[in-house]
$ cat entry_20.pdb   # PDB, C-alpha atoms
ATOM      1  CA  MET A   8     -12.844 -18.216  23.067
ATOM      2  CA  PRO A   9     -16.501 -17.135  22.994
ATOM      3  CA  ILE A  10     -17.318 -13.652  21.726
ATOM      4  CA  LYS A  11     -19.010 -11.844  24.605
ATOM      5  CA  ASP A  12     -18.061  -8.196  24.168
ATOM      6  CA  VAL A  13     -18.272  -6.422  20.800
ATOM      7  CA  PHE A  14     -17.489  -2.894  19.672
ATOM      8  CA  LEU A  15     -19.338  -0.816  17.074
ATOM      9  CA  PRO A  16     -17.771   2.465  15.857
ATOM     10  CA  LEU A  17     -20.274   5.035  14.598
ATOM     11  CA  VAL A  18     -18.756   7.424  12.074
ATOM     12  CA  GLY A  19     -19.891   9.053   8.859
ATOM     13  CA  GLN A  20     -23.284  10.187   7.655
ATOM     14  CA  PRO A  21     -26.621   8.581   8.557
ATOM     15  CA  HIS A  22     -27.780   7.665   5.059
ATOM     16  CA  GLY A  23     -30.135   4.714   4.571
ATOM     17  CA  PRO A  24     -27.628   1.874   4.025
ATOM     18  CA  ALA A  25     -25.547   3.010   7.020
ATOM     19  CA  LEU A  26     -28.571   2.842   9.315
ATOM     20  CA  VAL A  27     -29.491  -0.622   8.024
ATOM     21  CA  ALA A  28     -25.885  -1.761   8.556
ATOM     22  CA  ILE A  29     -26.003  -0.593  12.173
ATOM     23  CA  GLU A  30     -29.116  -2.691  12.748
ATOM     24  CA  LYS A  31     -27.497  -5.760  11.140
ATOM     25  CA  CYS A  32     -24.392  -5.363  13.323
ATOM     26  CA  VAL A  33     -26.548  -5.188  16.441
ATOM     27  CA  SER A  34     -28.355  -8.346  15.274
ATOM     28  CA  VAL A  35     -25.036 -10.186  14.952
ATOM     29  CA  ALA A  36     -24.103  -9.203  18.501
ATOM     30  CA  ALA A  37     -27.509 -10.348  19.738
ATOM     31  CA  ASP A  38     -27.103 -13.693  17.964
ATOM     32  CA  LEU A  39     -23.772 -14.131  19.770
ATOM     33  CA  GLY A  40     -25.346 -13.257  23.110
ATOM     34  CA  ALA A  41     -22.760 -10.512  23.512
ATOM     35  CA  ARG A  42     -22.781  -7.028  24.969
ATOM     36  CA  ILE A  43     -22.331  -4.268  22.393
ATOM     37  CA  THR A  44     -20.667  -0.901  22.930
ATOM     38  CA  ALA A  45     -21.042   1.886  20.379
ATOM     39  CA  LEU A  46     -18.689   4.853  20.155
ATOM     40  CA  ALA A  47     -19.779   7.852  18.080
ATOM     41  CA  LEU A  48     -17.049  10.352  17.276
ATOM     42  CA  GLU A  49     -17.492  13.860  15.952
ATOM     43  CA  GLU A  50     -14.692  15.697  14.179
ATOM     44  CA  GLU A  51     -13.161  18.475  16.217
ATOM     45  CA  VAL A  52     -12.257  21.265  13.835
ATOM     46  CA  PHE A  53      -9.619  23.791  14.863
ATOM     47  CA  GLU A  54     -10.049  27.173  13.276
ATOM     48  CA  ARG A  55      -7.572  30.034  13.473
ATOM     49  CA  PRO A  56      -9.098  33.179  14.956
ATOM     50  CA  LYS A  57     -10.228  35.428  12.166
ATOM     51  CA  VAL A  58     -12.685  38.139  11.381
ATOM     52  CA  MET A  59     -15.914  36.597  10.184
ATOM     53  CA  LEU A  60     -18.866  38.217   8.542
ATOM     54  CA  LEU A  61     -22.238  37.424  10.029
ATOM     55  CA  ASP A  62     -23.178  35.214   7.086
ATOM     56  CA  ASP A  63     -19.908  33.254   7.411
ATOM     57  CA  ARG A  64     -20.498  32.661  11.121
ATOM     58  CA  ASP A  65     -24.051  31.497  10.479
ATOM     59  CA  SER A  66     -22.804  29.096   7.803
ATOM     60  CA  ALA A  67     -20.184  27.615  10.159
ATOM     61  CA  ASP A  68     -22.779  27.170  12.898
ATOM     62  CA  VAL A  69     -25.087  25.380  10.477
ATOM     63  CA  GLY A  70     -22.279  23.009   9.466
ATOM     64  CA  ARG A  71     -21.492  22.104  13.074
ATOM     65  CA  SER A  72     -25.173  21.662  13.842
ATOM     66  CA  ARG A  73     -25.568  19.323  10.864
ATOM     67  CA  GLU A  74     -22.637  17.172  12.006
ATOM     68  CA  THR A  75     -24.028  16.949  15.537
ATOM     69  CA  ASN A  76     -27.413  15.969  14.105
ATOM     70  CA  ASP A  77     -25.763  13.263  11.950
ATOM     71  CA  LEU A  78     -24.095  11.858  15.058
ATOM     72  CA  GLN A  79     -27.373  11.822  16.949
ATOM     73  CA  GLN A  80     -29.115   9.978  14.116
ATOM     74  CA  LEU A  81     -26.438   7.277  14.198
ATOM     75  CA  LEU A  82     -26.815   6.970  17.961
ATOM     76  CA  ASN A  83     -30.603   6.830  17.679
ATOM     77  CA  ALA A  84     -30.356   4.055  15.087
ATOM     78  CA  PHE A  85     -28.083   2.104  17.424
ATOM     79  CA  THR A  86     -30.269   2.646  20.495
ATOM     80  CA  ASN A  87     -33.442   1.639  18.660
ATOM     81  CA  ALA A  88     -31.818  -1.466  17.160
ATOM     82  CA  ALA A  89     -30.436  -2.529  20.545
ATOM     83  CA  SER A  90     -33.855  -2.059  22.147
ATOM     84  CA  ARG A  91     -35.554  -4.189  19.491
ATOM     85  CA  ALA A  92     -32.909  -6.903  19.838
ATOM     86  CA  ASN A  93     -33.196  -6.836  23.641
ATOM     87  CA  ILE A  94     -29.416  -6.829  23.957
ATOM     88  CA  ARG A  95     -27.130  -5.395  26.616
ATOM     89  CA  ALA A  96     -25.862  -2.185  25.085
ATOM     90  CA  GLN A  97     -24.066   1.012  25.947
ATOM     91  CA  SER A  98     -22.987   4.026  23.929
ATOM     92  CA  ARG A  99     -20.435   6.796  24.219
ATOM     93  CA  THR A 100     -19.703   9.967  22.300
ATOM     94  CA  GLY A 101     -16.661  12.141  21.828
ATOM     95  CA  LYS A 102     -15.143  14.941  19.807
ATOM     96  CA  VAL A 103     -11.613  14.448  18.467
ATOM     97  CA  PRO A 104      -9.414  15.834  15.669
ATOM     98  CA  ALA A 105     -10.218  14.241  12.313
ATOM     99  CA  ASP A 106      -6.721  12.786  11.891
ATOM    100  CA  GLN A 107      -6.990  10.927  15.221
ATOM    101  CA  ILE A 108     -10.371   9.253  14.747
ATOM    102  CA  ALA A 109      -9.034   5.970  13.326
ATOM    103  CA  ALA A 110      -6.348   5.581  16.011
ATOM    104  CA  ILE A 111      -8.745   6.346  18.868
ATOM    105  CA  LEU A 112     -11.307   3.860  17.567
ATOM    106  CA  ALA A 113      -8.596   1.193  17.303
ATOM    107  CA  GLU A 114      -7.532   1.898  20.870
ATOM    108  CA  HIS A 115     -11.083   1.414  22.136
ATOM    109  CA  ALA A 116     -11.341  -1.837  20.151
ATOM    110  CA  ARG A 117      -8.602  -3.385  22.313
ATOM    111  CA  PHE A 118     -11.168  -3.805  25.078
ATOM    112  CA  SER A 119     -13.546  -5.985  23.064
ATOM    113  CA  ASP A 120     -13.521  -9.456  21.542
ATOM    114  CA  LEU A 121     -14.595  -8.281  18.107
ATOM    115  CA  THR A 122     -15.228  -5.021  16.249
ATOM    116  CA  LEU A 123     -18.219  -4.765  13.909
ATOM    117  CA  LEU A 124     -17.568  -2.135  11.261
ATOM    118  CA  PRO A 125     -20.006  -0.912   8.571
ATOM    119  CA  VAL A 126     -17.950  -0.092   5.467
ATOM    120  CA  LYS A 127     -18.633   1.900   2.337
ATOM    121  CA  PRO A 128     -17.395   0.545  -1.033
ATOM    122  CA  HIS A 129     -14.155   1.985  -2.401
ATOM    123  CA  ASP A 130     -13.866   4.585   0.336
ATOM    124  CA  SER A 131     -10.423   5.870   1.359
ATOM    125  CA  ARG A 132     -11.570   6.819   4.863
ATOM    126  CA  THR A 133     -12.915   3.322   5.411
ATOM    127  CA  GLU A 134      -9.563   1.835   4.344
ATOM    128  CA  ARG A 135      -7.681   4.062   6.802
ATOM    129  CA  ILE A 136      -9.960   3.005   9.642
ATOM    130  CA  VAL A 137      -9.678  -0.686   8.738
ATOM    131  CA  GLU A 138      -5.893  -0.431   8.600
ATOM    132  CA  ALA A 139      -5.810   1.283  12.001
ATOM    133  CA  PHE A 140      -7.943  -1.492  13.503
ATOM    134  CA  LEU A 141      -5.959  -4.357  12.029
ATOM    135  CA  PHE A 142      -2.550  -3.056  13.025
ATOM    136  CA  GLY A 143      -3.483  -1.092  16.138
ATOM    137  CA  SER A 144      -6.142  -3.032  18.027
ATOM    138  CA  GLY A 145      -4.860  -6.611  18.215
ATOM    139  CA  ARG A 146      -8.456  -7.756  17.728
ATOM    140  CA  PRO A 147     -10.405  -9.234  14.806
ATOM    141  CA  LEU A 148     -12.638  -7.120  12.635
ATOM    142  CA  LEU A 149     -15.989  -8.041  11.083
ATOM    143  CA  LEU A 150     -16.792  -5.898   8.047
ATOM    144  CA  CYS A 151     -20.428  -5.166   7.205
ATOM    145  CA  PRO A 152     -20.771  -3.932   3.588
ATOM    146  CA  GLU A 153     -23.284  -1.088   3.622
ATOM    147  CA  HIS A 154     -24.166  -1.540  -0.048
ATOM    148  CA  LEU A 155     -25.452  -5.045   0.751
ATOM    149  CA  ALA A 156     -26.911  -4.313   4.178
ATOM    150  CA  ASP A 157     -30.515  -5.001   3.148
ATOM    151  CA  GLU A 158     -29.744  -8.579   2.114
ATOM    152  CA  LEU A 159     -27.213  -9.584   4.777
ATOM    153  CA  LEU A 160     -28.194 -12.243   7.315
ATOM    154  CA  PRO A 161     -27.104 -11.904  10.960
ATOM    155  CA  GLU A 162     -26.595 -15.680  11.225
ATOM    156  CA  PHE A 163     -23.704 -17.134   9.226
ATOM    157  CA  GLU A 164     -24.937 -20.481   7.930
ATOM    158  CA  ASN A 165     -22.414 -20.798   5.097
ATOM    159  CA  VAL A 166     -18.863 -19.684   5.881
ATOM    160  CA  MET A 167     -15.785 -19.689   3.669
ATOM    161  CA  ILE A 168     -12.225 -19.662   4.999
ATOM    162  CA  ALA A 169      -9.795 -18.037   2.548
ATOM    163  CA  TRP A 170      -6.790 -20.253   3.291
ATOM    164  CA  ASP A 171      -3.337 -19.238   2.076
ATOM    165  CA  HIS A 172      -1.354 -21.266   4.658
ATOM    166  CA  SER A 173      -0.130 -18.067   6.381
ATOM    167  CA  ALA A 174       0.099 -17.231  10.077
ATOM    168  CA  ARG A 175      -2.411 -14.425   9.532
ATOM    169  CA  ALA A 176      -4.958 -16.828   8.048
ATOM    170  CA  ALA A 177      -4.416 -19.203  10.978
ATOM    171  CA  ARG A 178      -5.024 -16.348  13.393
ATOM    172  CA  ALA A 179      -8.255 -15.487  11.575
ATOM    173  CA  VAL A 180      -9.469 -19.091  11.849
ATOM    174  CA  GLY A 181      -8.846 -19.081  15.599
ATOM    175  CA  ASP A 182     -10.644 -15.763  16.030
ATOM    176  CA  ALA A 183     -13.622 -16.985  13.994
ATOM    177  CA  LEU A 184     -14.151 -20.301  15.820
ATOM    178  CA  PRO A 185     -17.460 -19.243  17.451
ATOM    179  CA  PHE A 186     -18.878 -18.452  13.996
ATOM    180  CA  LEU A 187     -17.431 -21.611  12.462
ATOM    181  CA  GLN A 188     -18.874 -23.800  15.204
ATOM    182  CA  ALA A 189     -22.338 -22.298  14.699
ATOM    183  CA  ALA A 190     -22.302 -22.571  10.891
ATOM    184  CA  SER A 191     -24.083 -25.296   8.945
ATOM    185  CA  SER A 192     -21.435 -25.371   6.215
ATOM    186  CA  VAL A 193     -17.745 -24.409   6.309
ATOM    187  CA  ARG A 194     -15.654 -24.420   3.137
ATOM    188  CA  VAL A 195     -11.872 -24.021   3.178
ATOM    189  CA  LEU A 196     -10.798 -22.473  -0.123
ATOM    190  CA  THR A 197      -7.278 -22.035  -1.484
ATOM    191  CA  VAL A 198      -6.647 -20.159  -4.721
ATOM    192  CA  ALA A 199      -3.753 -21.930  -6.425
ATOM    193  CA  GLU A 200      -2.662 -22.440 -10.005
ATOM    194  CA  ASP A 201      -1.419 -25.934  -9.198
ATOM    195  CA  LYS A 202      -3.003 -28.335  -6.739
ATOM    196  CA  THR A 203       0.332 -29.483  -5.339
ATOM    197  CA  ASP A 204       0.856 -31.953  -2.515
ATOM    198  CA  ALA A 205       1.824 -29.064  -0.227
ATOM    199  CA  VAL A 206      -1.421 -27.221  -0.972
ATOM    200  CA  VAL A 207      -3.524 -30.328  -0.344
ATOM    201  CA  GLN A 208      -1.654 -31.234   2.840
ATOM    202  CA  SER A 209      -2.094 -27.742   4.271
ATOM    203  CA  GLY A 210      -5.811 -27.636   3.551
ATOM    204  CA  THR A 211      -6.337 -31.166   4.839
ATOM    205  CA  ALA A 212      -4.436 -30.362   8.027
ATOM    206  CA  LEU A 213      -6.681 -27.349   8.670
ATOM    207  CA  VAL A 214      -9.809 -29.452   8.125
ATOM    208  CA  ASP A 215      -8.436 -32.028  10.586
ATOM    209  CA  HIS A 216      -7.720 -29.302  13.158
ATOM    210  CA  LEU A 217     -11.204 -27.829  12.813
ATOM    211  CA  ARG A 218     -12.759 -31.250  13.347
ATOM    212  CA  GLU A 219     -11.261 -31.275  16.864
ATOM    213  CA  HIS A 220     -13.345 -28.168  17.557
ATOM    214  CA  GLY A 221     -16.555 -29.708  16.232
ATOM    215  CA  VAL A 222     -16.305 -27.979  12.853
ATOM    216  CA  TYR A 223     -16.723 -30.326   9.893
ATOM    217  CA  ALA A 224     -15.280 -28.440   6.962
ATOM    218  CA  ALA A 225     -14.569 -29.333   3.319
ATOM    219  CA  PHE A 226     -11.381 -28.312   1.510
ATOM    220  CA  GLU A 227     -11.370 -27.076  -2.076
ATOM    221  CA  THR A 228      -9.021 -25.333  -4.463
ATOM    222  CA  THR A 229      -9.724 -23.064  -7.386
ATOM    223  CA  GLU A 230      -7.563 -21.500 -10.075
ATOM    224  CA  SER A 231      -7.241 -17.767 -10.589
ATOM    225  CA  ARG A 232      -7.077 -18.110 -14.404
ATOM    226  CA  GLY A 233      -5.431 -14.715 -14.748
ATOM    227  CA  SER A 234      -7.780 -12.870 -12.388
ATOM    228  CA  SER A 235      -6.783 -11.389  -9.034
ATOM    229  CA  VAL A 236      -7.138 -13.576  -5.959
ATOM    230  CA  GLY A 237      -9.395 -10.978  -4.338
ATOM    231  CA  LYS A 238     -11.810 -11.051  -7.264
ATOM    232  CA  ILE A 239     -11.757 -14.843  -7.305
ATOM    233  CA  LEU A 240     -12.686 -14.985  -3.618
ATOM    234  CA  ALA A 241     -15.508 -12.489  -4.106
ATOM    235  CA  SER A 242     -16.861 -14.314  -7.164
ATOM    236  CA  TRP A 243     -16.629 -17.712  -5.449
ATOM    237  CA  ALA A 244     -18.422 -16.384  -2.375
ATOM    238  CA  LYS A 245     -21.279 -15.009  -4.464
ATOM    239  CA  SER A 246     -21.687 -18.123  -6.598
ATOM    240  CA  HIS A 247     -21.708 -20.441  -3.564
ATOM    241  CA  GLY A 248     -24.095 -18.431  -1.376
ATOM    242  CA  ILE A 249     -21.484 -17.624   1.257
ATOM    243  CA  ASP A 250     -22.705 -15.567   4.222
ATOM    244  CA  ALA A 251     -19.273 -14.709   5.613
ATOM    245  CA  ILE A 252     -15.609 -14.931   4.599
ATOM    246  CA  VAL A 253     -12.860 -15.533   7.146
ATOM    247  CA  MET A 254      -9.415 -14.336   6.064
ATOM    248  CA  GLY A 255      -6.093 -12.982   7.262
ATOM    249  CA  ALA A 256      -4.863  -9.507   6.340
ATOM    250  CA  TYR A 257      -2.328  -9.703   3.535
ATOM    251  CA  HIS A 258       0.417  -7.097   3.581
ATOM    252  CA  HIS A 259       4.111  -6.520   3.436
ATOM    253  CA  SER A 260       6.178  -3.951   5.261
ATOM    254  CA  ARG A 261       8.805  -1.720   3.679
ATOM    255  CA  LEU A 262      10.664   0.965   5.643
ATOM    256  CA  ASN A 263       8.056   0.678   8.411
ATOM    257  CA  GLU A 264       5.262   1.624   5.997
ATOM    258  CA  ILE A 265       2.349  -0.756   5.640
ATOM    259  CA  VAL A 266       1.529  -1.481   2.011
ATOM    260  CA  TRP A 267      -1.722  -3.289   1.377
ATOM    261  CA  GLY A 268      -1.622  -6.450  -0.620
ATOM    262  CA  GLY A 269      -3.979  -6.791  -3.555
ATOM    263  CA  VAL A 270      -6.235  -9.409  -1.944
ATOM    264  CA  THR A 271      -6.939  -7.398   1.203
ATOM    265  CA  LYS A 272      -7.481  -4.164  -0.693
ATOM    266  CA  THR A 273      -9.893  -5.803  -3.149
ATOM    267  CA  VAL A 274     -12.000  -7.427  -0.427
ATOM    268  CA  ILE A 275     -12.045  -4.339   1.801
ATOM    269  CA  GLY A 276     -12.799  -2.109  -1.196
ATOM    270  CA  GLN A 277     -16.066  -3.922  -1.866
ATOM    271  CA  PRO A 278     -16.813  -6.864   0.442
ATOM    272  CA  PRO A 279     -19.101  -9.425  -1.230
ATOM    273  CA  CYS A 280     -20.639 -10.393   2.140
ATOM    274  CA  TRP A 281     -19.670 -10.224   5.803
ATOM    275  CA  VAL A 282     -15.859 -10.467   6.067
ATOM    276  CA  MET A 283     -14.031 -11.374   9.258
ATOM    277  CA  ILE A 284     -10.422 -10.323   8.981
ATOM    278  CA  SER A 285      -7.502 -10.657  11.409
ATOM    279  CA  HIS A 286      -3.851  -9.804  11.468
TER     280      HIS A 286
END

$ encode --input "entry_20.pdb" --output "structure tokens"
Amino acid sequence: MPIKDVFLPLVGQPHGPALVAIEKCVSVAADLGARITALALEEEVFERPKVMLLDDRDSADVGRSRETNDLQQLLNAFTNAASRANIRAQSRTGKVPADQIAAILAEHARFSDLTLLPVKPHDSRTERIVEAFLFGSGRPLLLCPEHLADELLPEFENVMIAWDHSARAARAVGDALPFLQAASSVRVLTVAEDKTDAVVQSGTALVDHLREHGVYAAFETTESRGSSVGKILASWAKSHGIDAIVMGAYHHSRLNEIVWGGVTKTVIGQPPCWVMISH
């Protein structure tokens, strides 16, 4: 299915890398020929009535004013980027309790084909938002690492599929087909200690399936050699000039509590490039 409607959450502070990431996300949407909708949310803070000194009240007002100004800077960055890209765009704002931001963003993402999300490295708030999207939106997520925003390309010429034979990885491949079909090079990579017949057959079958969609991919395996799979994927992507990784979300459930698997947490913690992830 073509990607025609994308969603861009705007949260956090408008520091330099965040503003660059917003522009790169808009460029990706423009390259897809899609409409982009931005939603900027401000934290709604509930305060118990209390006696405040004049200085305390002034300080609180300054804090709220700063947050509103941060939100406006994010919106301005989005509006300016959309104007330069000549893309159909719309934006919305809202004020919600801090503990509901992730869930509300995920709910809005249900009405788009893809969510573009700028992410900070090793940030707990980012991980909560990503988790909410993956398990609450039913839609794929494209992570834009802010720390690499300056060097990211909006066109994905070289794409790697992190293939672990799972249903989640298969879902990610289906979601990423528009990117795979536009790429010049697609590599299917499985991290395995032993290149067994089952591993080869699975990778070969995926390559054969992709060929039916006009995607001519190559299958490879690599050993972890004692390192984590997440670190291996990141290292492989960097050494092979990969523009984007396509992968499924790894997790297991225990007593209805989602526990991140090591691979997902490593890649989300510090994406080495664009990462498209599905569940």

$ atom_distance --input "entry_20.pdb" --atom1 "atom CA of A:Glu50" --atom2 "atom CA of A:Gln20"
12.1 Å

$ resolve_selection --input "entry_20.pdb" --expression "the PyMOL selection byres ((chain A and resi 240-247) around 9)" --output "NGL selection string"
:A and (165-167 or 169 or 196 or 198 or 229 or 235-239 or 248-252 or 270 or 273-274 or 277-280)

$ atom_distance --input "entry_20.pdb" --atom1 "atom CA of A:Leu112" --atom2 "atom CA of A:Ser98"
13.3 Å

$ resolve_selection --input "entry_20.pdb" --expression "the PyMOL selection byres ((chain A and resi 132-141) around 8)" --output "PyMOL selection string"
chain A and resi 109-110+112-113+116+126-127+130-131+142-148+256+275-276+285-286

$ atom_distance --input "entry_20.pdb" --atom1 "atom CA of A:Leu149" --atom2 "atom CA of A:Lys102"
24.6 Å

$ resolve_selection --input "entry_20.pdb" --expression "the PyMOL selection byres ((chain A and resi 226-228) around 7)" --output "ChimeraX atom specification"
/A:194-199,210-211,214,224-225,229-230

$ residues_around --input "entry_20.pdb" --residues "A:Asn93" --least-positions-apart "2" --cutoff "12 Å" --atoms "all atoms listed in the file" --output "PDB file with C-alpha atoms, keeping the file's coordinate frame"
ATOM      1  CA  VAL A  33     -26.548  -5.188  16.441  1.00  0.00           C
ATOM      2  CA  SER A  34     -28.355  -8.346  15.274  1.00  0.00           C
ATOM      3  CA  ALA A  36     -24.103  -9.203  18.501  1.00  0.00           C
ATOM      4  CA  ALA A  37     -27.509 -10.348  19.738  1.00  0.00           C
ATOM      5  CA  ASP A  38     -27.103 -13.693  17.964  1.00  0.00           C
ATOM      6  CA  GLY A  40     -25.346 -13.257  23.110  1.00  0.00           C
ATOM      7  CA  ALA A  41     -22.760 -10.512  23.512  1.00  0.00           C
ATOM      8  CA  ARG A  42     -22.781  -7.028  24.969  1.00  0.00           C
ATOM      9  CA  ILE A  43     -22.331  -4.268  22.393  1.00  0.00           C
ATOM     10  CA  THR A  86     -30.269   2.646  20.495  1.00  0.00           C
ATOM     11  CA  ASN A  87     -33.442   1.639  18.660  1.00  0.00           C
ATOM     12  CA  ALA A  88     -31.818  -1.466  17.160  1.00  0.00           C
ATOM     13  CA  ALA A  89     -30.436  -2.529  20.545  1.00  0.00           C
ATOM     14  CA  SER A  90     -33.855  -2.059  22.147  1.00  0.00           C
ATOM     15  CA  ARG A  91     -35.554  -4.189  19.491  1.00  0.00           C
ATOM     16  CA  ARG A  95     -27.130  -5.395  26.616  1.00  0.00           C
ATOM     17  CA  ALA A  96     -25.862  -2.185  25.085  1.00  0.00           C
TER      18      ALA A  96
END

$ closest_residue --input "entry_20.pdb" --among "A:Val206, A:Leu159, A:Leu81, A:Leu46" --to "A:Gly23" --atoms "only C-alpha atoms"
A:Leu81

$ closest_residue --input "entry_20.pdb" --among "A:Leu123, A:Ile111, A:Ala92, A:Ala47" --to "A:Pro152" --atoms "only C-alpha atoms"
A:Leu123

$ closest_residue --input "entry_20.pdb" --among "A:Leu17, A:Val180, A:Ala25, A:Leu187" --to "A:Pro128" --atoms "all atoms listed in the file"
A:Ala25

$ residues_around --input "entry_20.pdb" --residues "A:Glu158" --least-positions-apart "2" --cutoff "12 Å" --atoms "all atoms listed in the file" --output "mmCIF file with C-alpha atoms, in the frame of the given file"
data_model
loop_
_atom_site.group_PDB
_atom_site.id
_atom_site.type_symbol
_atom_site.label_atom_id
_atom_site.label_comp_id
_atom_site.auth_asym_id
_atom_site.auth_seq_id
_atom_site.Cartn_x
_atom_site.Cartn_y
_atom_site.Cartn_z
ATOM 1 C CA PRO A 24 -27.628 1.874 4.025
ATOM 2 C CA VAL A 27 -29.491 -0.622 8.024
ATOM 3 C CA ALA A 28 -25.885 -1.761 8.556
ATOM 4 C CA LYS A 31 -27.497 -5.760 11.140
ATOM 5 C CA CYS A 151 -20.428 -5.166 7.205
ATOM 6 C CA PRO A 152 -20.771 -3.932 3.588
ATOM 7 C CA GLU A 153 -23.284 -1.088 3.622
ATOM 8 C CA HIS A 154 -24.166 -1.540 -0.048
ATOM 9 C CA LEU A 155 -25.452 -5.045 0.751
ATOM 10 C CA ALA A 156 -26.911 -4.313 4.178
ATOM 11 C CA LEU A 160 -28.194 -12.243 7.315
ATOM 12 C CA PRO A 161 -27.104 -11.904 10.960
ATOM 13 C CA GLU A 162 -26.595 -15.680 11.225
ATOM 14 C CA GLY A 248 -24.095 -18.431 -1.376
ATOM 15 C CA ASP A 250 -22.705 -15.567 4.222
ATOM 16 C CA PRO A 279 -19.101 -9.425 -1.230
ATOM 17 C CA CYS A 280 -20.639 -10.393 2.140
ATOM 18 C CA TRP A 281 -19.670 -10.224 5.803
#

$ axis_aligned_box --input "entry_20.pdb" --around "stretch 94-106 of chain A" --padding-each-side "6 Å" --output "AutoDock Vina command-line options"
--center_x -18.1 --center_y 4.5 --center_z 19.3 --size_x 34.7 --size_y 34.7 --size_z 26.7

$ build_atoms --input "entry_20.pdb" --residues "stretch 8-26 of chain A" --atoms "N, CA and C atoms" --output "PDB file, keeping the file's coordinate frame"
ATOM      1  N   MET A   8     -12.286 -19.088  22.046  1.00  0.00           N
ATOM      2  CA  MET A   8     -12.844 -18.216  23.067  1.00  0.00           C
ATOM      3  C   MET A   8     -14.169 -17.651  22.587  1.00  0.00           C
ATOM      4  N   PRO A   9     -15.207 -17.693  23.416  1.00  0.00           N
ATOM      5  CA  PRO A   9     -16.501 -17.135  22.994  1.00  0.00           C
ATOM      6  C   PRO A   9     -16.421 -15.626  22.831  1.00  0.00           C
ATOM      7  N   ILE A  10     -17.259 -15.094  21.960  1.00  0.00           N
ATOM      8  CA  ILE A  10     -17.318 -13.652  21.726  1.00  0.00           C
ATOM      9  C   ILE A  10     -18.430 -13.095  22.602  1.00  0.00           C
ATOM     10  N   LYS A  11     -18.042 -12.342  23.627  1.00  0.00           N
ATOM     11  CA  LYS A  11     -19.010 -11.844  24.605  1.00  0.00           C
ATOM     12  C   LYS A  11     -19.075 -10.323  24.676  1.00  0.00           C
ATOM     13  N   ASP A  12     -18.116  -9.652  24.059  1.00  0.00           N
ATOM     14  CA  ASP A  12     -18.061  -8.196  24.168  1.00  0.00           C
ATOM     15  C   ASP A  12     -17.659  -7.624  22.823  1.00  0.00           C
ATOM     16  N   VAL A  13     -18.564  -6.922  22.140  1.00  0.00           N
ATOM     17  CA  VAL A  13     -18.272  -6.422  20.800  1.00  0.00           C
ATOM     18  C   VAL A  13     -18.343  -4.902  20.766  1.00  0.00           C
ATOM     19  N   PHE A  14     -17.652  -4.344  19.795  1.00  0.00           N
ATOM     20  CA  PHE A  14     -17.489  -2.894  19.672  1.00  0.00           C
ATOM     21  C   PHE A  14     -18.020  -2.451  18.321  1.00  0.00           C
ATOM     22  N   LEU A  15     -18.764  -1.346  18.315  1.00  0.00           N
ATOM     23  CA  LEU A  15     -19.338  -0.816  17.074  1.00  0.00           C
ATOM     24  C   LEU A  15     -18.999   0.669  16.950  1.00  0.00           C
ATOM     25  N   PRO A  16     -18.043   1.048  16.097  1.00  0.00           N
ATOM     26  CA  PRO A  16     -17.771   2.465  15.857  1.00  0.00           C
ATOM     27  C   PRO A  16     -18.896   3.083  15.029  1.00  0.00           C
ATOM     28  N   LEU A  17     -19.253   4.312  15.351  1.00  0.00           N
ATOM     29  CA  LEU A  17     -20.274   5.035  14.598  1.00  0.00           C
ATOM     30  C   LEU A  17     -19.637   6.298  14.023  1.00  0.00           C
ATOM     31  N   VAL A  18     -19.359   6.270  12.746  1.00  0.00           N
ATOM     32  CA  VAL A  18     -18.756   7.424  12.074  1.00  0.00           C
ATOM     33  C   VAL A  18     -19.451   7.614  10.727  1.00  0.00           C
ATOM     34  N   GLY A  19     -19.321   8.809  10.173  1.00  0.00           N
ATOM     35  CA  GLY A  19     -19.891   9.053   8.859  1.00  0.00           C
ATOM     36  C   GLY A  19     -21.277   9.655   8.920  1.00  0.00           C
ATOM     37  N   GLN A  20     -21.966   9.573   7.786  1.00  0.00           N
ATOM     38  CA  GLN A  20     -23.284  10.187   7.655  1.00  0.00           C
ATOM     39  C   GLN A  20     -24.393   9.136   7.754  1.00  0.00           C
ATOM     40  N   PRO A  21     -25.531   9.536   8.309  1.00  0.00           N
ATOM     41  CA  PRO A  21     -26.621   8.581   8.557  1.00  0.00           C
ATOM     42  C   PRO A  21     -27.519   8.356   7.348  1.00  0.00           C
ATOM     43  N   HIS A  22     -26.944   7.978   6.210  1.00  0.00           N
ATOM     44  CA  HIS A  22     -27.780   7.665   5.059  1.00  0.00           C
ATOM     45  C   HIS A  22     -28.402   6.279   5.244  1.00  0.00           C
ATOM     46  N   GLY A  23     -29.363   5.940   4.402  1.00  0.00           N
ATOM     47  CA  GLY A  23     -30.135   4.714   4.571  1.00  0.00           C
ATOM     48  C   GLY A  23     -29.330   3.447   4.782  1.00  0.00           C
ATOM     49  N   PRO A  24     -28.402   3.107   3.858  1.00  0.00           N
ATOM     50  CA  PRO A  24     -27.628   1.874   4.025  1.00  0.00           C
ATOM     51  C   PRO A  24     -26.826   1.829   5.322  1.00  0.00           C
ATOM     52  N   ALA A  25     -26.320   2.969   5.775  1.00  0.00           N
ATOM     53  CA  ALA A  25     -25.547   3.010   7.020  1.00  0.00           C
ATOM     54  C   ALA A  25     -26.421   2.647   8.213  1.00  0.00           C
ATOM     55  N   LEU A  26     -27.656   3.132   8.215  1.00  0.00           N
ATOM     56  CA  LEU A  26     -28.571   2.842   9.315  1.00  0.00           C
ATOM     57  C   LEU A  26     -28.970   1.365   9.317  1.00  0.00           C
TER      58      LEU A  26
END
